[in-house]
>>> print(open('upload.csv').read())   # CSV, C-alpha atoms
chain,number,residue,atom,x,y,z
A,6,MET,CA,-161.6,-126.1,-39.4
A,7,THR,CA,-161.8,-123.4,-36.7
A,8,THR,CA,-158.9,-121.0,-37.1
A,9,PRO,CA,-157.9,-118.4,-34.5
A,10,VAL,CA,-157.5,-114.9,-35.9
A,11,LEU,CA,-155.5,-113.0,-33.2
A,12,ASN,CA,-153.4,-113.8,-30.2
A,13,THR,CA,-154.8,-117.3,-29.2
A,14,VAL,CA,-153.8,-120.9,-29.9
A,15,LEU,CA,-156.6,-123.4,-30.2
A,16,VAL,CA,-156.1,-126.7,-28.3
A,17,ARG,CA,-158.2,-129.8,-27.7
A,18,CYS,CA,-158.7,-131.2,-24.3
A,19,SER,CA,-161.6,-133.5,-23.2
A,20,HIS,CA,-160.7,-133.8,-19.5
A,21,THR,CA,-159.5,-130.6,-17.9
A,22,TYR,CA,-158.6,-131.9,-14.4
A,23,GLN,CA,-156.1,-134.3,-13.1
A,24,ASP,CA,-158.5,-136.1,-10.7
A,25,GLU,CA,-156.8,-139.5,-10.3
A,26,LEU,CA,-153.9,-140.6,-8.2
A,27,THR,CA,-152.3,-144.1,-8.3
A,28,VAL,CA,-150.7,-145.4,-5.1
A,29,GLY,CA,-149.2,-148.8,-5.7
A,30,ASP,CA,-152.0,-150.9,-7.3
A,31,THR,CA,-154.7,-148.6,-6.0
A,32,LYS,CA,-156.3,-145.8,-8.0
A,33,LEU,CA,-157.7,-142.9,-5.9
A,34,LEU,CA,-160.1,-140.2,-7.1
A,35,LEU,CA,-159.2,-136.7,-5.9
A,36,ASP,CA,-161.7,-134.0,-4.8
A,37,THR,CA,-160.9,-131.2,-7.3
A,38,THR,CA,-163.3,-128.8,-5.7
A,39,PHE,CA,-160.7,-128.0,-3.0
A,40,ARG,CA,-158.2,-125.6,-4.6
A,41,PRO,CA,-159.1,-126.6,-8.2
A,42,GLU,CA,-156.2,-124.7,-9.6
A,43,TRP,CA,-153.9,-127.4,-8.0
A,44,HIS,CA,-155.6,-130.1,-10.2
A,45,ARG,CA,-156.3,-128.3,-13.5
A,46,LYS,CA,-154.4,-129.6,-16.5
A,47,ILE,CA,-151.9,-127.2,-18.0
A,48,SER,CA,-151.2,-129.0,-21.2
A,49,ALA,CA,-153.1,-129.9,-24.4
A,50,GLU,CA,-152.6,-130.6,-28.1
A,51,VAL,CA,-152.5,-127.7,-30.5
A,52,VAL,CA,-155.2,-127.7,-33.1
A,53,ALA,CA,-154.5,-124.4,-34.8
A,54,VAL,CA,-152.3,-121.3,-34.4
A,55,PRO,CA,-153.2,-117.7,-34.9
A,56,ARG,CA,-152.7,-115.9,-38.2
A,57,LYS,CA,-151.0,-113.0,-36.5
A,58,LEU,CA,-150.4,-111.3,-33.2
A,59,ASN,CA,-151.6,-107.9,-32.1
A,60,THR,CA,-148.3,-106.8,-30.6
A,61,ARG,CA,-149.7,-103.4,-29.7
A,62,HIS,CA,-151.2,-105.1,-26.7
A,63,THR,CA,-148.7,-104.9,-23.9
A,64,ALA,CA,-148.9,-108.6,-23.1
A,65,TYR,CA,-148.0,-109.6,-26.6
A,66,ARG,CA,-145.2,-107.0,-27.2
A,67,GLY,CA,-142.0,-108.6,-28.3
A,68,LEU,CA,-143.6,-112.0,-29.1
A,69,LYS,CA,-143.4,-113.6,-32.5
A,70,LEU,CA,-145.2,-116.4,-34.3
A,71,GLY,CA,-143.6,-119.5,-35.8
A,72,GLU,CA,-142.6,-121.5,-32.8
A,73,ILE,CA,-145.8,-123.6,-32.4
A,74,LYS,CA,-147.6,-125.7,-35.0
A,75,ALA,CA,-150.6,-128.0,-35.0
A,76,GLY,CA,-149.8,-131.4,-33.3
A,77,ASP,CA,-147.5,-129.9,-30.7
A,78,THR,CA,-148.2,-130.3,-27.0
A,79,ILE,CA,-148.1,-127.0,-25.2
A,80,TYR,CA,-147.9,-126.1,-21.5
A,81,PHE,CA,-149.6,-122.9,-20.3
A,82,HIS,CA,-151.0,-121.0,-17.3
A,83,TYR,CA,-153.4,-123.0,-15.2
A,84,PHE,CA,-156.2,-120.6,-16.1
A,85,GLY,CA,-156.0,-121.8,-19.7
A,86,LEU,CA,-158.6,-124.6,-19.6
A,87,THR,CA,-161.5,-122.7,-18.0
A,88,LYS,CA,-165.0,-122.2,-19.2
A,89,GLU,CA,-164.2,-118.6,-20.1
A,90,ASN,CA,-161.7,-119.9,-22.7
A,91,ARG,CA,-163.9,-122.8,-24.1
A,92,LEU,CA,-165.3,-122.1,-27.5
A,93,ASP,CA,-169.0,-122.3,-28.0
A,94,THR,CA,-168.9,-124.6,-31.0
A,95,GLU,CA,-170.0,-128.1,-31.9
A,96,ASP,CA,-166.6,-129.3,-30.7
A,97,GLN,CA,-166.9,-128.7,-27.0
A,98,ASP,CA,-163.3,-129.8,-26.3
A,99,LEU,CA,-161.8,-126.7,-28.0
A,100,TYR,CA,-160.1,-124.0,-25.9
A,101,ALA,CA,-158.5,-120.7,-26.9
A,102,ILE,CA,-155.2,-120.3,-25.0
A,103,PRO,CA,-153.7,-116.7,-25.0
A,104,TYR,CA,-150.4,-116.9,-26.8
A,105,HIS,CA,-148.5,-115.0,-24.1
A,106,GLU,CA,-149.5,-117.6,-21.4
A,107,ILE,CA,-147.8,-120.5,-23.3
A,108,PHE,CA,-144.3,-121.2,-21.8
A,109,CYS,CA,-143.1,-124.3,-23.6
A,110,LYS,CA,-143.9,-126.9,-26.2
A,111,VAL,CA,-143.1,-130.6,-26.7
A,112,ARG,CA,-142.6,-131.9,-30.2
A,113,GLU,CA,-141.5,-135.5,-30.8
A,114,GLY,CA,-140.5,-135.8,-27.1
A,115,VAL,CA,-138.3,-132.7,-27.1
A,116,ILE,CA,-139.1,-129.8,-24.7
A,117,SER,CA,-138.6,-126.2,-26.0
A,118,ALA,CA,-139.1,-123.1,-23.9
A,119,LEU,CA,-140.9,-120.4,-25.9
A,120,ASN,CA,-140.8,-116.6,-26.3
A,121,GLY,CA,-139.1,-115.1,-23.3
A,122,TRP,CA,-139.6,-118.0,-20.9
A,123,ALA,CA,-137.1,-120.1,-18.9
A,124,LEU,CA,-137.5,-123.5,-17.2
A,125,VAL,CA,-135.3,-124.0,-14.1
A,126,GLU,CA,-134.9,-127.3,-12.3
A,127,PRO,CA,-135.1,-127.0,-8.5
A,128,VAL,CA,-132.1,-128.1,-6.4
A,129,GLU,CA,-131.5,-129.1,-2.9
A,130,VAL,CA,-128.4,-128.0,-1.0
A,131,LYS,CA,-126.9,-129.5,2.2
A,132,SER,CA,-126.3,-126.9,4.9
A,133,GLY,CA,-124.6,-128.3,8.0
A,134,SER,CA,-126.7,-131.3,9.3
A,135,ALA,CA,-130.0,-130.0,8.0
A,136,TRP,CA,-131.6,-130.4,4.5
A,137,ILE,CA,-132.9,-127.2,3.1
A,138,GLY,CA,-135.7,-127.4,0.5
A,139,THR,CA,-136.3,-125.1,-2.4
A,140,ASP,CA,-139.6,-123.6,-1.3
A,141,SER,CA,-139.5,-119.8,-0.4
A,142,GLU,CA,-140.6,-120.4,3.2
A,143,LYS,CA,-137.2,-122.0,4.0
A,144,ILE,CA,-134.7,-120.1,1.9
A,145,SER,CA,-134.6,-116.5,0.9
A,146,THR,CA,-132.5,-116.8,-2.3
A,147,GLN,CA,-134.1,-118.8,-5.1
A,148,GLU,CA,-131.7,-121.0,-7.1
A,149,GLY,CA,-131.8,-123.8,-9.6
A,150,ILE,CA,-130.3,-125.3,-12.7
A,151,LEU,CA,-131.4,-123.7,-16.0
A,152,ARG,CA,-132.6,-126.5,-18.2
A,153,PHE,CA,-134.5,-124.8,-21.1
A,154,ILE,CA,-134.5,-121.2,-22.3
A,155,GLY,CA,-136.5,-119.8,-25.2
A,156,HIS,CA,-135.6,-117.1,-27.7
A,157,PRO,CA,-135.7,-113.7,-26.0
A,158,LYS,CA,-138.6,-111.4,-26.9
A,159,THR,CA,-137.8,-109.2,-29.8
A,160,ASP,CA,-137.7,-106.1,-27.6
A,161,GLN,CA,-135.3,-107.7,-25.1
A,162,PRO,CA,-131.6,-108.5,-25.3
A,163,ALA,CA,-130.3,-112.1,-25.3
A,164,LEU,CA,-129.0,-113.2,-21.9
A,165,ASN,CA,-125.5,-114.6,-21.5
A,166,VAL,CA,-126.7,-117.9,-20.0
A,167,GLN,CA,-127.2,-121.4,-21.3
A,168,ALA,CA,-128.8,-124.7,-20.3
A,169,GLY,CA,-126.9,-126.3,-17.4
A,170,ASP,CA,-126.0,-123.0,-15.7
A,171,ARG,CA,-126.7,-122.6,-12.0
A,172,VAL,CA,-128.9,-119.5,-11.7
A,173,VAL,CA,-130.3,-117.2,-9.1
A,174,PHE,CA,-133.7,-115.7,-9.8
A,175,SER,CA,-136.3,-113.4,-8.4
A,176,LYS,CA,-138.0,-114.6,-5.3
A,177,ASN,CA,-141.5,-113.9,-6.7
A,178,ALA,CA,-140.8,-116.2,-9.7
A,179,ASP,CA,-140.7,-119.4,-7.8
A,180,PHE,CA,-143.9,-121.2,-9.0
A,181,ILE,CA,-143.5,-124.8,-10.0
A,182,ASN,CA,-145.2,-126.7,-12.7
A,183,THR,CA,-144.7,-130.3,-13.8
A,184,ILE,CA,-143.6,-130.6,-17.4
A,185,GLU,CA,-143.4,-134.1,-18.9
A,186,ASP,CA,-143.4,-135.7,-15.4
A,187,LYS,CA,-140.6,-133.4,-14.1
A,188,ASP,CA,-140.9,-130.3,-11.9
A,189,TYR,CA,-139.5,-126.9,-13.0
A,190,PHE,CA,-139.7,-123.3,-11.9
A,191,ILE,CA,-141.4,-121.4,-14.7
A,192,MET,CA,-140.4,-117.8,-15.1
A,193,GLN,CA,-139.8,-114.9,-17.5
A,194,GLN,CA,-136.2,-114.5,-18.6
A,195,GLU,CA,-136.0,-111.1,-16.9
A,196,ASP,CA,-136.5,-112.9,-13.6
A,197,LEU,CA,-133.0,-114.5,-14.0
A,198,LEU,CA,-130.7,-112.4,-11.9
A,199,ALA,CA,-127.3,-114.1,-11.9
A,200,THR,CA,-125.3,-117.2,-12.6
A,201,GLN,CA,-123.2,-119.1,-10.0
A,202,PRO,CA,-120.6,-121.9,-10.1
A,203,GLN,CA,-122.0,-125.3,-9.3
A,204,LYS,CA,-121.8,-126.2,-5.6
A,205,ALA,CA,-120.1,-129.5,-4.6
A,206,ASN,CA,-122.9,-130.2,-2.0
A,207,GLU,CA,-125.7,-129.7,-4.5
A,208,ILE,CA,-128.1,-132.5,-5.1
A,209,GLU,CA,-130.2,-132.5,-8.2
A,210,SER,CA,-131.5,-136.1,-8.7
A,211,ASP,CA,-132.9,-136.4,-5.2
A,212,TYR,CA,-135.4,-133.5,-5.5
A,213,ALA,CA,-138.8,-135.1,-4.8
A,214,GLY,CA,-140.9,-132.3,-6.0
A,215,PRO,CA,-143.5,-130.2,-4.2
A,216,ARG,CA,-145.8,-132.1,-1.7
A,217,HIS,CA,-149.5,-132.3,-2.6
A,218,TYR,CA,-152.0,-131.2,0.0
A,219,TYR,CA,-153.2,-134.7,0.7
A,220,GLU,CA,-149.6,-135.8,1.6
A,221,THR,CA,-149.7,-133.3,4.5
A,222,SER,CA,-152.7,-135.1,6.1
A,223,PRO,CA,-151.9,-137.2,9.2
A,224,PHE,CA,-153.9,-140.0,7.6
A,225,TYR,CA,-151.8,-140.1,4.4
A,226,LEU,CA,-149.6,-143.2,4.0
A,227,SER,CA,-146.8,-142.9,1.5
A,228,PRO,CA,-146.3,-145.7,-1.0
A,229,ASP,CA,-143.2,-146.8,0.9
A,230,HIS,CA,-145.1,-147.2,4.2
A,231,ASP,CA,-144.9,-150.6,5.8
>>> encode(input="upload.csv", output="structure tokens")
Amino acid sequence: MTTPVLNTVLVRCSHTYQDELTVGDTKLLLDTTFRPEWHRKISAEVVAVPRKLNTRHTAYRGLKLGEIKAGDTIYFHYFGLTKENRLDTEDQDLYAIPYHEIFCKVREGVISALNGWALVEPVEVKSGSAWIGTDSEKISTQEGILRFIGHPKTDQPALNVQAGDRVVFSKNADFINTIEDKDYFIMQQEDLLATQPQKANEIESDYAGPRHYYETSPFYLSPDHD
């Protein structure tokens, strides 16, 4: 079996793009050549883990092994499943994912954030008569509900936060990924700036997630359209 030596986790993925969309009973094929990073898969099953990490490299400083094992599903940066990371072996479905780009794992249905990462659920707040979304174009302060937080890096202190806290985080940390069919802001723990009390007018369950580019088309009909 192929075994990584340093700093990468081997995963298997036979289909690297999410190129299908189901609307009602209709299945649509998406054109992934337009903004392919929007459609690239960010998860795969672990085949093998590295024997050790070269922590002298800046990107791996403070990381530690032991949180991932073969059989886990891991989520990672959208550049993970590219031809540059595909192994030139008989098994063409193997990819080497840099360890520091992996932000969470799923084992037996349980999500766990990894080394130094945090997953924050977006929220909507009601302000006067208008609804304000969570995208950075509409609000300046980024806020959400902390849902998963990993162990801190070995060279960083543990934060005094826990799952369920309402947090404020750096504006440049507001990129969203879908983890197990739910949207989260993915960020490093140092991007968490403060905690706040829960707001009475905060709505969590009604967050619909980021709109896809095809939903902005004047020709797009939502599944609820009559």
>>> residues_around(input="upload.csv", residues="region 62-78 of chain A", least_positions_apart="2", cutoff="7 Å", atoms="only C-alpha atoms", output="list in words")
Ser48, Ala49, Glu50, Val51, Val52, Ala53, Val54, Asn59, Thr60, Tyr80, His105, Lys110, Val111, Arg112, Asn120, Lys158, Thr159 and Asp160 of chain A
>>> write_last_selection(input="upload.csv", atoms="C-alpha atoms", output="PDB file, in the coordinates of the input")
ATOM      1  CA  SER A  48    -151.200-129.000 -21.200  1.00  0.00           C
ATOM      2  CA  ALA A  49    -153.100-129.900 -24.400  1.00  0.00           C
ATOM      3  CA  GLU A  50    -152.600-130.600 -28.100  1.00  0.00           C
ATOM      4  CA  VAL A  51    -152.500-127.700 -30.500  1.00  0.00           C
ATOM      5  CA  VAL A  52    -155.200-127.700 -33.100  1.00  0.00           C
ATOM      6  CA  ALA A  53    -154.500-124.400 -34.800  1.00  0.00           C
ATOM      7  CA  VAL A  54    -152.300-121.300 -34.400  1.00  0.00           C
ATOM      8  CA  ASN A  59    -151.600-107.900 -32.100  1.00  0.00           C
ATOM      9  CA  THR A  60    -148.300-106.800 -30.600  1.00  0.00           C
ATOM     10  CA  TYR A  80    -147.900-126.100 -21.500  1.00  0.00           C
ATOM     11  CA  HIS A 105    -148.500-115.000 -24.100  1.00  0.00           C
ATOM     12  CA  LYS A 110    -143.900-126.900 -26.200  1.00  0.00           C
ATOM     13  CA  VAL A 111    -143.100-130.600 -26.700  1.00  0.00           C
ATOM     14  CA  ARG A 112    -142.600-131.900 -30.200  1.00  0.00           C
ATOM     15  CA  ASN A 120    -140.800-116.600 -26.300  1.00  0.00           C
ATOM     16  CA  LYS A 158    -138.600-111.400 -26.900  1.00  0.00           C
ATOM     17  CA  THR A 159    -137.800-109.200 -29.800  1.00  0.00           C
ATOM     18  CA  ASP A 160    -137.700-106.100 -27.600  1.00  0.00           C
TER      19      ASP A 160
END
>>> residues_around(input="upload.csv", residues="region 81-88 of chain A", least_positions_apart="4", cutoff="12 Å", atoms="only C-alpha atoms", output="PyMOL selection string")
chain A and resi 13-23+40-51+92-93+97-111+118-119+122+180-184+191-192
>>> atom_distance(input="upload.csv", atom1="CA of Asp170 (chain A)", atom2="CA of Gln203 (chain A)")
7.9 Å
>>> closest_residue(input="upload.csv", among="A:Asp188, A:Ala163, A:Glu148, A:Lys57", to="Gln201 (chain A)", atoms="all atoms listed in the file")
A:Glu148
>>> atom_distance(input="upload.csv", atom1="CA of Gly114 (chain A)", atom2="CA of Asp186 (chain A)")
12.1 Å
>>> atom_distance(input="upload.csv", atom1="CA of Gln193 (chain A)", atom2="CA of Asn12 (chain A)")
18.6 Å
>>> build_atoms(input="upload.csv", residues="region 64-75 of chain A", atoms="all heavy atoms", output="compact mmCIF listing (two decimals), keeping the file's coordinate frame")
# COMPACT_ATOMS: atom_id res chain seq x y z
N ALA A 64 -149.24 -107.24 -23.38
CA ALA A 64 -148.90 -108.60 -23.10
C ALA A 64 -148.23 -109.35 -24.21
O ALA A 64 -147.49 -110.32 -24.01
CB ALA A 64 -150.15 -109.38 -22.62
N TYR A 65 -148.48 -108.89 -25.45
CA TYR A 65 -148.00 -109.60 -26.60
C TYR A 65 -146.77 -108.86 -27.25
O TYR A 65 -146.24 -109.30 -28.26
CB TYR A 65 -149.07 -109.74 -27.67
CG TYR A 65 -150.21 -110.59 -27.17
CD1 TYR A 65 -151.28 -110.01 -26.49
CD2 TYR A 65 -150.19 -111.96 -27.32
CE1 TYR A 65 -152.32 -110.79 -26.00
CE2 TYR A 65 -151.22 -112.75 -26.84
CZ TYR A 65 -152.28 -112.16 -26.18
OH TYR A 65 -153.29 -112.94 -25.68
N ARG A 66 -146.34 -107.77 -26.64
CA ARG A 66 -145.20 -107.00 -27.20
C ARG A 66 -143.95 -107.82 -27.11
O ARG A 66 -143.60 -108.40 -26.09
CB ARG A 66 -145.08 -105.70 -26.39
CG ARG A 66 -144.17 -104.67 -27.04
CD ARG A 66 -144.34 -103.33 -26.34
NE ARG A 66 -145.72 -102.85 -26.47
CZ ARG A 66 -146.27 -101.96 -25.64
NH1 ARG A 66 -145.58 -101.50 -24.61
NH2 ARG A 66 -147.51 -101.56 -25.84
N GLY A 67 -143.25 -107.91 -28.22
CA GLY A 67 -142.00 -108.60 -28.30
C GLY A 67 -142.14 -110.11 -28.64
O GLY A 67 -141.14 -110.80 -28.82
N LEU A 68 -143.38 -110.62 -28.72
CA LEU A 68 -143.60 -112.00 -29.10
C LEU A 68 -143.58 -112.17 -30.61
O LEU A 68 -143.81 -111.21 -31.35
CB LEU A 68 -144.92 -112.53 -28.53
CG LEU A 68 -145.10 -112.46 -27.02
CD1 LEU A 68 -146.43 -113.08 -26.62
CD2 LEU A 68 -143.96 -113.15 -26.29
N LYS A 69 -143.34 -113.38 -31.08
CA LYS A 69 -143.40 -113.60 -32.50
C LYS A 69 -143.94 -115.01 -32.78
O LYS A 69 -143.86 -115.92 -31.95
CB LYS A 69 -141.95 -113.52 -33.10
CG LYS A 69 -140.93 -114.47 -32.49
CD LYS A 69 -139.55 -114.25 -33.08
CE LYS A 69 -138.52 -115.17 -32.43
NZ LYS A 69 -137.16 -114.96 -32.99
N LEU A 70 -144.56 -115.15 -33.95
CA LEU A 70 -145.20 -116.40 -34.30
C LEU A 70 -144.09 -117.35 -34.92
O LEU A 70 -142.96 -116.96 -35.16
CB LEU A 70 -146.24 -116.17 -35.40
CG LEU A 70 -147.53 -115.50 -34.91
CD1 LEU A 70 -148.44 -115.19 -36.10
CD2 LEU A 70 -148.26 -116.39 -33.92
N GLY A 71 -144.50 -118.59 -35.15
CA GLY A 71 -143.60 -119.50 -35.80
C GLY A 71 -143.05 -120.63 -34.99
O GLY A 71 -142.46 -121.58 -35.51
N GLU A 72 -143.18 -120.54 -33.66
CA GLU A 72 -142.60 -121.50 -32.80
C GLU A 72 -143.52 -122.71 -32.48
O GLU A 72 -143.09 -123.73 -31.97
CB GLU A 72 -142.11 -120.90 -31.49
CG GLU A 72 -140.99 -119.90 -31.67
CD GLU A 72 -140.39 -119.46 -30.34
OE1 GLU A 72 -141.05 -118.68 -29.63
OE2 GLU A 72 -139.28 -119.90 -30.03
N ILE A 73 -144.80 -122.53 -32.76
CA ILE A 73 -145.80 -123.60 -32.40
C ILE A 73 -146.52 -123.96 -33.72
O ILE A 73 -146.79 -123.12 -34.58
CB ILE A 73 -146.83 -123.01 -31.42
CG1 ILE A 73 -146.13 -122.55 -30.14
CG2 ILE A 73 -147.87 -124.08 -31.08
CD1 ILE A 73 -147.06 -121.84 -29.18
N LYS A 74 -146.85 -125.24 -33.83
CA LYS A 74 -147.60 -125.70 -35.00
C LYS A 74 -148.62 -126.77 -34.49
O LYS A 74 -148.49 -127.32 -33.39
CB LYS A 74 -146.74 -126.25 -36.07
CG LYS A 74 -146.02 -127.54 -35.74
CD LYS A 74 -145.18 -128.01 -36.92
CE LYS A 74 -144.50 -129.34 -36.64
NZ LYS A 74 -143.70 -129.81 -37.80
N ALA A 75 -149.63 -127.04 -35.32
CA ALA A 75 -150.60 -128.00 -35.00
C ALA A 75 -149.94 -129.39 -34.73
O ALA A 75 -149.02 -129.78 -35.44
CB ALA A 75 -151.64 -128.16 -36.12
